[in-house]
Number of protein chains: 2
Amino acid sequence: MPLVRAHNIAVSLDGFATGEGQSLRTPFGHAGVRLMEWFFPTATFQSLSGDRERRPVDTSAEPDDVFARRSFEGIGAEIMGANKFGPPGWQADPDWRGWWGDEPPFHSPVFVMTRATRPPIEVGETTFRFTDAVPDAVLAQAFEAAGGLDVRIGGGPTTVRAFMAAGLIDLLHVVQVPILLGRGVSLWAGLEGWEQGYDVESTSTPSGVTHLVFSRR
Amino acid sequence: MPLVRAHNIAVSLDGFATGEGQSLRTPFGHAGVRLMEWFFPTATFQSLSGDRERRPVDTSAEPDDVFARRSFEGIGAEIMGANKFGPPGWQADPDWRGWWGDEPPFHSPVFVMTRATRPPIEVGETTFRFTDAVPDAVLAQAFEAAGGLDVRIGGGPTTVRAFMAAGLIDLLHVVQVPILLGRGVSLWAGLEGWEQGYDVESTSTPSGVTHLVFSRR
């Protein structure tokens, strides 16, 4: 049975998965890139990013890379929220094609959940489809498009949380970053007891983060 | 220079260090003992607890015990909040002497922060003193009583948070437990950016928890 998976969801100690005040210039709000510093030195990030963003390879990031790269294995389709596809208000811009330039790193169908639907667009090897359906209906579409592979819930945190609340997540990989953001979008709000029904493995790495993997029992 | 330390402060993934609805019968509210399951099999807990609470020794708890036992090393005095000393309303009971029976595990002066002060009481080797002073004034008293040793901030979370907010903590050991309590007393509220000025080490253990040690730079 194909699975529903979410990976590389980074949260602060106080549970925020993105900051407050998201905009075109600050896609993660006041958090900046602090939740992603662990990711940049990984081989997975280096293979995704253009030359401009490349940093020296850091072998101490190999344990983090073990987790990071799983996000890209065995995925046939992605579901993302409107806030991942663009900054607040992108729906008013008919030319907005996502943050990712000419070759987005998805290489598969992507379902964007938004009330303001529009026809599909193709960007490189990725097709973006826009849907206002509820989580389990979007998931049915995504499984059909995934051709027997797994479906990734790509974020942002509001979307991951919606799929968690609906009981639709089979595997969740969270990266706990030891910082206190104080405010932003919580990954955990309203999910009391969610961990019941999951096995969890915790792994700390030299970068200082802790990888938590929840797998449905 | 003696230090101000807090140890074994267990928090859920969503940042709650105790549950909602604390009472005489439910000292940790709806959380029950879920934040302390990692602690019970440790040799440190076994050495503290009476026969009634003893459980089989569990060698897989040794990594947790490395962290747990540090709380009891080099401490000359403890400061605790009113909510650690007793259930809500204990101040109205002149005979309340704490939760810990005839031999509390402190063996040193303990300063209880409460608006309803009363004369000191001696219970076994522990003297409880009651003070309505602010954190830095209580700390001055505690250092004087500690005879050159460190002072422990013993909890509850509201008290630890107050000392964190006042910049008074030199070492904080937090135990992240991978559960979602949903509600309760937050350890992290109002502490945006607190981690700046601290080095942090994260260590996951076989029990599934992660120990985070913040040390002032």
# chains A, B, ... in the order shown; residues from 1 in each chain; ligands from 1

$ interface_residues --of "chain A" --to "chain B" --cutoff "7 Å" --atoms "only C-alpha atoms" --output "MDAnalysis selection string"
chainID A and resid 14:15 179:182 188:195 201:204 208:209

$ select_by_dssp --residues "region 32-183 of chain A" --states "strand (DSSP E)" --output "ChimeraX atom specification"
/A:75-81,109-113,121-123,126-131,150-155,171-177

$ write_last_selection --atoms "C-alpha atoms" --output "compact mmCIF listing (two decimals), in the first residue's frame"
# COMPACT_ATOMS: atom_id res chain seq x y z
CA ILE A 75 7.37 9.81 -4.14
CA GLY A 76 4.89 9.94 -7.04
CA ALA A 77 3.04 13.16 -6.21
CA GLU A 78 3.13 16.04 -3.76
CA ILE A 79 0.35 17.94 -2.02
CA MET A 80 1.17 21.44 -0.81
CA GLY A 81 -0.72 24.30 0.79
CA PRO A 109 2.51 16.16 -10.18
CA VAL A 110 2.01 18.72 -7.42
CA PHE A 111 -1.46 19.49 -6.03
CA VAL A 112 -1.75 23.01 -4.63
CA MET A 113 -4.63 23.39 -2.16
CA ILE A 121 0.61 24.80 -15.29
CA GLU A 122 3.74 22.97 -16.35
CA VAL A 123 7.09 24.17 -15.11
CA THR A 126 6.61 19.48 -12.70
CA THR A 127 2.88 19.94 -13.25
CA PHE A 128 1.09 22.10 -10.70
CA ARG A 129 -2.63 21.42 -10.32
CA PHE A 130 -4.85 23.67 -8.21
CA THR A 131 -7.66 22.26 -6.11
CA ASP A 150 3.85 7.34 -2.15
CA VAL A 151 2.34 10.81 -1.76
CA ARG A 152 4.27 13.53 0.03
CA ILE A 153 2.57 16.24 2.07
CA GLY A 154 5.04 19.00 1.30
CA GLY A 155 3.91 21.68 3.74
CA LEU A 171 5.00 8.71 8.24
CA LEU A 172 6.05 12.07 9.67
CA HIS A 173 9.67 13.19 9.86
CA VAL A 174 10.12 16.25 12.07
CA VAL A 175 13.41 18.05 12.62
CA GLN A 176 13.52 19.65 16.05
CA VAL A 177 15.77 22.72 15.97

$ residues_around --residues "Glu62 (chain A)" --least-positions-apart "5" --cutoff "9 Å" --atoms "only C-alpha atoms" --output "PyMOL selection string"
chain A and resi 41-43

$ select_by_dssp --residues "region 32-216 of chain B" --states "helix (DSSP H, G or I)" --output "count of residues only"
54
